[in-house]
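Student: Provided below: query_6.pdb, containing PDB, C-alpha atoms and all ligand atoms.
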MODEL        1
ATOM      1  CA  MET A   1     215.372  30.796 -64.016
ATOM      2  CA  PRO A   2     213.412  33.475 -65.816
ATOM      3  CA  GLY A   3     210.654  32.198 -68.023
ATOM      4  CA  PHE A   4     210.713  32.872 -71.715
ATOM      5  CA  VAL A   5     207.893  33.150 -74.150
ATOM      6  CA  SER A   6     208.590  31.066 -77.212
ATOM      7  CA  PRO A   7     208.833  33.081 -80.463
ATOM      8  CA  ASN A   8     205.820  31.245 -81.844
ATOM      9  CA  PHE A   9     203.664  32.162 -78.931
ATOM     10  CA  ASP A  10     201.088  34.670 -80.128
ATOM     11  CA  LEU A  11     199.969  36.672 -77.109
ATOM     12  CA  SER A  12     197.254  38.591 -78.933
ATOM     13  CA  ARG A  13     195.636  35.425 -80.159
ATOM     14  CA  SER A  14     195.962  33.327 -77.036
ATOM     15  CA  GLY A  15     194.107  35.828 -74.896
ATOM     16  CA  GLU A  16     196.369  34.821 -72.034
ATOM     17  CA  ALA A  17     198.399  37.969 -71.968
ATOM     18  CA  LYS A  18     196.822  39.157 -68.773
ATOM     19  CA  HIS A  19     197.819  35.950 -67.065
ATOM     20  CA  LEU A  20     201.395  36.139 -68.183
ATOM     21  CA  ASN A  21     203.591  36.766 -65.197
ATOM     22  CA  VAL A  22     206.358  39.248 -65.661
ATOM     23  CA  LEU A  23     209.387  38.007 -63.806
ATOM     24  CA  THR A  24     211.425  40.815 -62.404
ATOM     25  CA  ILE A  25     215.089  40.311 -61.829
ATOM     26  CA  GLU A  26     216.649  42.583 -59.282
ATOM     27  CA  TYR A  27     220.386  42.913 -59.387
ATOM     28  CA  MET A  28     222.304  44.101 -56.385
ATOM     29  CA  GLU A  29     225.998  44.764 -56.749
ATOM     30  CA  ASN A  30     227.779  44.179 -53.532
ATOM     31  CA  ARG A  31     230.712  42.889 -51.622
ATOM     32  CA  GLY A  32     230.437  40.134 -49.142
ATOM     33  CA  LEU A  33     231.634  36.934 -47.565
ATOM     34  CA  VAL A  34     231.406  33.615 -49.370
ATOM     35  CA  PHE A  35     231.492  30.686 -46.972
ATOM     36  CA  ILE A  36     231.411  27.103 -48.268
ATOM     37  CA  PRO A  37     231.584  24.080 -45.961
ATOM     38  CA  ASP A  38     232.092  20.915 -47.988
ATOM     39  CA  ILE A  39     231.751  17.349 -46.740
ATOM     40  CA  SER A  40     233.851  14.645 -48.317
ATOM     41  CA  GLY A  41     234.845  11.067 -47.716
ATOM     42  CA  PHE A  42     232.022   8.938 -49.018
ATOM     43  CA  SER A  43     233.019   6.794 -51.934
ATOM     44  CA  ARG A  44     230.498   5.873 -54.566
ATOM     45  CA  PHE A  45     228.292   3.114 -53.273
ATOM     46  CA  VAL A  46     226.813   0.431 -55.442
ATOM     47  CA  ASN A  47     224.495  -0.992 -52.843
ATOM     48  CA  GLU A  48     221.092   0.736 -52.884
ATOM     49  CA  THR A  49     220.713   0.782 -49.114
ATOM     50  CA  ALA A  50     224.150   2.334 -48.730
ATOM     51  CA  ILE A  51     223.315   5.035 -51.300
ATOM     52  CA  GLU A  52     220.094   5.857 -49.482
ATOM     53  CA  HIS A  53     221.764   5.903 -46.058
ATOM     54  CA  ALA A  54     224.654   7.995 -47.364
ATOM     55  CA  HIS A  55     222.161  10.604 -48.547
ATOM     56  CA  LEU A  56     220.445  10.604 -45.160
ATOM     57  CA  ILE A  57     223.727  10.985 -43.296
ATOM     58  CA  ILE A  58     224.861  13.851 -45.540
ATOM     59  CA  GLN A  59     221.474  15.515 -45.162
ATOM     60  CA  GLN A  60     221.716  15.345 -41.366
ATOM     61  CA  LEU A  61     225.260  16.692 -41.400
ATOM     62  CA  LEU A  62     224.267  19.565 -43.678
ATOM     63  CA  GLU A  63     221.492  20.427 -41.233
ATOM     64  CA  ILE A  64     223.977  20.383 -38.363
ATOM     65  CA  ILE A  65     226.203  22.772 -40.322
ATOM     66  CA  ILE A  66     223.303  25.107 -41.122
ATOM     67  CA  ASN A  67     222.225  25.136 -37.475
ATOM     68  CA  ALA A  68     225.797  25.919 -36.412
ATOM     69  CA  ASN A  69     225.579  29.288 -38.142
ATOM     70  CA  GLN A  70     226.528  32.041 -35.680
ATOM     71  CA  LEU A  71     227.482  34.790 -38.088
ATOM     72  CA  GLY A  72     224.096  35.450 -39.645
ATOM     73  CA  LEU A  73     225.177  33.687 -42.816
ATOM     74  CA  ILE A  74     222.523  33.181 -45.458
ATOM     75  CA  VAL A  75     222.159  29.882 -47.280
ATOM     76  CA  SER A  76     222.165  30.485 -51.007
ATOM     77  CA  GLU A  77     221.913  26.850 -51.907
ATOM     78  CA  VAL A  78     222.934  23.329 -51.066
ATOM     79  CA  GLU A  79     225.320  22.100 -53.733
ATOM     80  CA  GLY A  80     225.577  18.359 -53.346
ATOM     81  CA  ASP A  81     227.655  17.790 -50.216
ATOM     82  CA  ALA A  82     228.437  21.479 -49.804
ATOM     83  CA  ILE A  83     226.544  24.567 -48.714
ATOM     84  CA  LEU A  84     226.956  27.972 -50.314
ATOM     85  CA  PHE A  85     226.607  30.520 -47.528
ATOM     86  CA  TYR A  86     227.038  34.251 -48.033
ATOM     87  CA  LYS A  87     226.754  37.518 -46.201
ATOM     88  CA  PHE A  88     226.917  40.958 -47.743
ATOM     89  CA  GLY A  89     228.668  43.803 -45.990
ATOM     90  CA  ASN A  90     231.993  44.195 -44.268
ATOM     91  CA  PRO A  91     233.823  40.939 -43.573
ATOM     92  CA  PRO A  92     233.641  39.517 -40.051
ATOM     93  CA  SER A  93     236.822  39.616 -38.012
ATOM     94  CA  LEU A  94     239.188  36.734 -38.539
ATOM     95  CA  THR A  95     238.633  35.653 -34.952
ATOM     96  CA  ALA A  96     234.858  35.582 -35.422
ATOM     97  CA  LEU A  97     235.334  33.568 -38.600
ATOM     98  CA  TYR A  98     237.666  31.190 -36.833
ATOM     99  CA  LYS A  99     235.136  30.635 -34.058
ATOM    100  CA  GLN A 100     232.414  29.995 -36.629
ATOM    101  CA  VAL A 101     234.528  27.448 -38.457
ATOM    102  CA  GLU A 102     235.569  25.813 -35.186
ATOM    103  CA  THR A 103     231.947  25.484 -34.054
ATOM    104  CA  MET A 104     231.036  23.863 -37.361
ATOM    105  CA  PHE A 105     233.921  21.408 -37.146
ATOM    106  CA  CYS A 106     233.086  20.487 -33.545
ATOM    107  CA  LEU A 107     229.368  19.970 -34.164
ATOM    108  CA  PHE A 108     230.085  18.098 -37.390
ATOM    109  CA  HIS A 109     232.359  15.623 -35.599
ATOM    110  CA  ARG A 110     230.079  15.392 -32.589
ATOM    111  CA  GLY A 111     227.324  14.426 -35.035
ATOM    112  CA  LEU A 112     229.532  11.774 -36.592
ATOM    113  CA  ILE A 113     230.493  10.336 -33.222
ATOM    114  CA  ALA A 114     226.825  10.172 -32.204
ATOM    115  CA  GLN A 115     225.950   8.473 -35.489
ATOM    116  CA  ASN A 116     228.762   5.990 -35.014
ATOM    117  CA  THR A 117     227.801   5.239 -31.416
ATOM    118  CA  LEU A 118     224.118   4.726 -32.136
ATOM    119  CA  ASN A 119     224.520   2.961 -35.453
ATOM    120  CA  THR A 120     223.266  -0.599 -35.785
ATOM    121  CA  CYS A 121     223.158  -0.692 -39.591
ATOM    122  CA  PRO A 122     225.855  -2.855 -41.198
ATOM    123  CA  CYS A 123     225.762  -1.015 -44.537
ATOM    124  CA  GLU A 124     228.903   0.527 -45.975
ATOM    125  CA  ALA A 125     227.677   4.101 -45.605
ATOM    126  CA  CYS A 126     226.654   3.805 -41.966
ATOM    127  CA  THR A 127     229.805   1.968 -40.921
ATOM    128  CA  THR A 128     232.219   4.355 -42.685
ATOM    129  CA  ALA A 129     230.478   7.682 -41.968
ATOM    130  CA  ILE A 130     232.834   8.286 -39.037
ATOM    131  CA  ASN A 131     235.607   8.863 -41.587
ATOM    132  CA  LEU A 132     233.841  11.778 -43.281
ATOM    133  CA  THR A 133     235.706  15.062 -43.273
ATOM    134  CA  LEU A 134     234.832  18.704 -43.542
ATOM    135  CA  LYS A 135     236.623  21.513 -45.286
ATOM    136  CA  VAL A 136     235.582  25.134 -45.229
ATOM    137  CA  ILE A 137     236.396  27.687 -47.912
ATOM    138  CA  THR A 138     236.070  31.349 -46.989
ATOM    139  CA  HIS A 139     236.514  34.199 -49.407
ATOM    140  CA  TYR A 140     235.543  37.855 -49.581
ATOM    141  CA  GLY A 141     234.778  39.744 -52.731
ATOM    142  CA  GLU A 142     232.310  41.006 -55.236
ATOM    143  CA  PHE A 143     229.241  39.159 -56.248
ATOM    144  CA  THR A 144     225.680  39.823 -57.104
ATOM    145  CA  GLU A 145     222.510  38.392 -55.789
ATOM    146  CA  TYR A 146     219.707  38.133 -58.219
ATOM    147  CA  ALA A 147     216.244  37.315 -57.152
ATOM    148  CA  VAL A 148     213.628  35.734 -59.306
ATOM    149  CA  ARG A 149     210.497  35.369 -57.263
ATOM    150  CA  ASN A 150     211.500  33.390 -54.180
ATOM    151  CA  PHE A 151     214.811  32.213 -55.522
ATOM    152  CA  ASN A 152     218.109  33.870 -54.755
ATOM    153  CA  LYS A 153     221.047  33.101 -56.930
ATOM    154  CA  LEU A 154     224.599  34.378 -56.595
ATOM    155  CA  ILE A 155     226.749  35.291 -59.553
ATOM    156  CA  GLY A 156     230.098  36.999 -59.858
ATOM    157  CA  LYS A 157     233.773  36.357 -60.251
ATOM    158  CA  ASP A 158     234.344  35.806 -56.554
ATOM    159  CA  ILE A 159     231.652  33.130 -56.414
ATOM    160  CA  ILE A 160     233.617  31.390 -59.164
ATOM    161  CA  VAL A 161     236.907  31.870 -57.268
ATOM    162  CA  ALA A 162     235.423  30.314 -54.124
ATOM    163  CA  HIS A 163     234.189  27.310 -56.067
ATOM    164  CA  GLN A 164     237.542  26.901 -57.821
ATOM    165  CA  LEU A 165     239.192  26.806 -54.408
ATOM    166  CA  LEU A 166     237.133  23.732 -53.524
ATOM    167  CA  LYS A 167     239.215  21.854 -56.056
ATOM    168  CA  ASN A 168     242.772  22.392 -54.909
ATOM    169  CA  ASP A 169     246.015  20.549 -54.372
ATOM    170  CA  ILE A 170     245.921  20.512 -50.611
ATOM    171  CA  GLU A 171     246.667  17.026 -49.386
ATOM    172  CA  GLN A 172     244.824  17.255 -46.092
ATOM    173  CA  HIS A 173     241.170  16.359 -46.131
ATOM    174  CA  GLU A 174     240.155  18.591 -43.309
ATOM    175  CA  TYR A 175     240.981  22.277 -43.161
ATOM    176  CA  TRP A 176     239.800  25.836 -43.242
ATOM    177  CA  LEU A 177     240.973  27.724 -46.289
ATOM    178  CA  VAL A 178     241.030  31.501 -46.050
ATOM    179  CA  THR A 179     241.849  33.715 -48.987
ATOM    180  CA  GLN A 180     244.055  36.755 -48.642
ATOM    181  CA  SER A 181     240.960  38.886 -49.158
ATOM    182  CA  LEU A 182     239.932  38.078 -45.590
ATOM    183  CA  ILE A 183     243.354  38.244 -44.006
ATOM    184  CA  GLN A 184     244.242  41.797 -45.077
ATOM    185  CA  ASP A 185     245.497  43.676 -42.045
ATOM    186  CA  HIS A 186     244.178  41.254 -39.512
ATOM    187  CA  THR A 187     246.772  39.605 -37.416
ATOM    188  CA  LEU A 188     246.879  35.841 -37.366
ATOM    189  CA  LYS A 189     248.432  35.757 -33.935
ATOM    190  CA  GLY A 190     246.519  33.726 -31.419
ATOM    191  CA  LEU A 191     244.994  31.477 -34.011
ATOM    192  CA  ALA A 192     246.004  27.873 -34.378
ATOM    193  CA  ASP A 193     248.894  26.729 -36.559
ATOM    194  CA  TRP A 194     248.778  28.510 -39.859
ATOM    195  CA  ILE A 195     250.492  27.091 -42.864
ATOM    196  CA  PRO A 196     250.919  28.906 -46.156
ATOM    197  CA  ALA A 197     249.318  26.878 -48.873
ATOM    198  CA  PRO A 198     251.841  25.156 -51.138
ATOM    199  CA  ARG A 199     250.274  26.437 -54.325
ATOM    200  CA  LYS A 200     248.063  29.327 -55.064
ATOM    201  CA  PRO A 201     245.412  29.274 -57.715
ATOM    202  CA  LYS A 202     245.305  32.324 -59.965
ATOM    203  CA  ALA A 203     246.873  35.082 -57.913
ATOM    204  CA  GLU A 204     244.815  34.206 -54.891
ATOM    205  CA  LYS A 205     247.005  33.770 -51.884
ATOM    206  CA  TYR A 206     245.554  31.730 -49.132
ATOM    207  CA  LEU A 207     246.373  30.019 -45.950
ATOM    208  CA  PHE A 208     245.018  26.924 -44.474
ATOM    209  CA  ASN A 209     244.806  25.432 -41.087
ATOM    210  CA  THR A 210     244.987  21.698 -40.644
ATOM    211  CA  ARG A 211     242.565  20.239 -38.156
ATOM    212  CA  SER A 212     243.575  16.613 -38.317
TER     213      SER A 212
HETATM  214 ZN    ZN B   1     223.089   1.998 -43.334
ENDMDL
END
Once you've parsed the file, please lay out its structure as structure tokens.
Tutor:
Amino acid sequence: MPGFVSPNFDLSRSGEAKHLNVLTIEYMENRGLVFIPDISGFSRFVNETAIEHAHLIIQQLLEIIINANQLGLIVSEVEGDAILFYKFGNPPSLTALYKQVETMFCLFHRGLIAQNTLNTCPCEACTTAINLTLKVITHYGEFTEYAVRNFNKLIGKDIIVAHQLLKNDIEQHEYWLVTQSLIQDHTLKGLADWIPAPRKPKAEKYLFNTRS
């Protein structure tokens, strides 16, 4: 966040004006892909060990997801159990997106199976991690990246749309949700079973693909 000088701060008197850093904010209007994988399934643990182990498991899974990146996606930030990826420019083909999502799902579940196989901890988090699920939200639209020093933040209506789509009425726990913005003229033939979503939030049509 940009720093602010308090109204009572007298620069002339403090003699610190020359040390005051001017934070520049560069805005860049653009269109791009918003890609959010979101892990769910852990309930709220009461046990301290379980809470700690749940965090470790999620952290490892998030790393697996980041390392599964094949599309040159950029991590904007980790938002709890989700990752906000983005990429400016023309959208990738639907097939390329599908392959990316598939790779993430496969590595995610491979990671869970490995955890389950090697696990010797009896805590609630470690013994139930195998039931964790992954959903991926993909959307294309307008958003802006603003940089303050080393931090990149994304703002824009389509960042909001993508986040709204995380909270939806879809009953399945594991799916890839694609907004109409990415479908456009691309054919869906050859992809796995596509099901029109039962409800659409705010004029956004989307499809999802169950992976259960
Ligand atoms: Zn444990």
Student: Taking all atoms listed in the file into account, list the residues no farther than 12 Å from ligand ZN 1 (chain B), as a list in words.
Tutor: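 Checking all atoms listed in the file against ligand ZN 1 (chain B) at 12 Å gives Phe45, Asn47, Glu48, Thr49, Ala50, Ile51, Glu52, His53, Ala54, His55, Leu56, Ile57, Gln115, Asn116, Leu118, Asn119, Thr120, Cys121, Pro122, Cys123, Glu124, Ala125, Cys126, Thr127, Thr128 and Ala129 of chain A.
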Student: Name the residues captured by the PyMOL selection byres (((chain A and resi 132) around 9) and not hetatm) when it is applied to the shown file; answer as a short mmCIF file (atom, residue, chain, number, x, y, z; two decimals) with C-alpha atoms, in the frame of the given file.
Tutor:
data_model
loop_
_atom_site.label_atom_id
_atom_site.label_comp_id
_atom_site.auth_asym_id
_atom_site.auth_seq_id
_atom_site.Cartn_x
_atom_site.Cartn_y
_atom_site.Cartn_z
CA ILE A 39 231.75 17.35 -46.74
CA SER A 40 233.85 14.64 -48.32
CA GLY A 41 234.84 11.07 -47.72
CA PHE A 42 232.02 8.94 -49.02
CA HIS A 109 232.36 15.62 -35.60
CA LEU A 112 229.53 11.77 -36.59
CA THR A 128 232.22 4.36 -42.68
CA ALA A 129 230.48 7.68 -41.97
CA ILE A 130 232.83 8.29 -39.04
CA ASN A 131 235.61 8.86 -41.59
CA THR A 133 235.71 15.06 -43.27
CA LEU A 134 234.83 18.70 -43.54
#
Student: What do you get, as a PyMOL selection string, if you spell out every residue that the PyMOL selection byres (((chain A and resi 36) around 6) and not hetatm) selects here?
Tutor: chain A and resi 35+37+83-85+136-137
Student: So which residues get picked by the PyMOL selection byres (((chain A and resi 75) around 9) and not hetatm) here, written as a list in words?
Tutor: Ile66, Leu73, Ile74, Ser76, Glu77, Val78, Ile83, Leu84, Phe85, Tyr86 and Lys87 of chain A
Student: Counting only C-alpha atoms, figure out which residue out of A:Thr95, A:Ala147, A:Ile170, A:Leu61 gets nearest to Ala114 in chain A.
Tutor: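 Comparing A:Thr95, A:Ala147, A:Ile170, A:Leu61 against Ala114 in chain A, the winner is A:Leu61.
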Student: Taking into account only C-alpha atoms, which residue in the set A:Leu71, A:Ile160, A:Lys99, A:Cys106 is nearest to His139 in chain A?
Tutor: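 Among the listed residues, the smallest separation from His139 in chain A belongs to A:Ile160.
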Student: Have a look at CA of Asn30 in chain A and CA of Thr138 in chain A and let me know their distance in Å, one decimal.
Tutor: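 Here the two named atoms are 16.6 Å from each other.
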Student: Provide the CA of Phe108 in chain A to CA of Gly89 in chain A distance in Å, to one decimal place.
Tutor: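 Those two atoms sit 27.1 Å apart.
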Student: Just to confirm, what's the straight-line distance from CA of Val148 in chain A to CA of Asp81 in chain A in Å (one decimal)?
Tutor: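 One can read the CA of Val148 in chain A to CA of Asp81 in chain A distance as 24.5 Å.
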Student: Starting from 4 Å padding per side, set up an axis-aligned box that covers all listed atoms of range 66-75 of chain A and hand over centre and edge lengths in Å, one decimal, as lines of an AutoDock Vina configuration file.
Tutor:
center_x = 224.8
center_y = 30.3
center_z = -41.5
size_x = 13.3
size_y = 18.3
size_z = 19.6
Student: Please determine, counting all atoms listed in the file, which residue among A:Lys157, A:Ile58, A:Gln70, A:Gly80 has the shortest atom-to-atom distance to Tyr98 in chain A.
Tutor: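 Closest to Tyr98 in chain A of all the choices is A:Gln70.
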Student: Anything within 10 Å of (241.9, 17.8, -47.5): list those residues as a list in words, counting all atoms listed in the file and sticking to the file's coordinates.
Tutor: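 Residues close enough to count: Ser40, Gly41, Thr133, Leu134, Lys135, Val136, Leu166, Lys167, Asn168, Asp169, Ile170, Glu171, Gln172, His173, Glu174, Tyr175, Trp176, Thr210, Arg211 and Ser212 of chain A.
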Student: Please determine, counting all atoms listed in the file, which residue among A:Glu145, A:Leu177, A:Leu97, A:Ile64 has the shortest atom-to-atom distance to Arg31 in chain A.
Tutor: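 When distances to Arg31 in chain A are compared using all atoms listed in the file, the smallest one comes from A:Glu145.
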Student: Here's a test: counting all atoms listed in the file, identify every protein, DNA and RNA residue with an atom at most 6 Å from (231.8, 41.5, -57.6) in the file's coordinate frame, and state them as a PDB file with C-alpha atoms, in the frame of the given file.
Tutor:
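Final output, saved to point-v1.pdb:
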ATOM      1  CA  GLY A 141     234.778  39.744 -52.731  1.00  0.00           C
ATOM      2  CA  GLU A 142     232.310  41.006 -55.236  1.00  0.00           C
ATOM      3  CA  PHE A 143     229.241  39.159 -56.248  1.00  0.00           C
ATOM      4  CA  GLY A 156     230.098  36.999 -59.858  1.00  0.00           C
TER       5      GLY A 156
END
Student: Would you mind telling me which residue in A:Gln164, A:Thr144, A:Thr179, A:Asn150 lies nearest to Gly32 in chain A when using all atoms listed in the file?
Tutor: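 Closest to Gly32 in chain A of all the choices is A:Thr144.
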Student: Which one of A:Ala68, A:Asp158, A:His163, A:Pro91 sits closest to Arg110 in chain A if you count all atoms listed in the file?
Tutor: A:Ala68
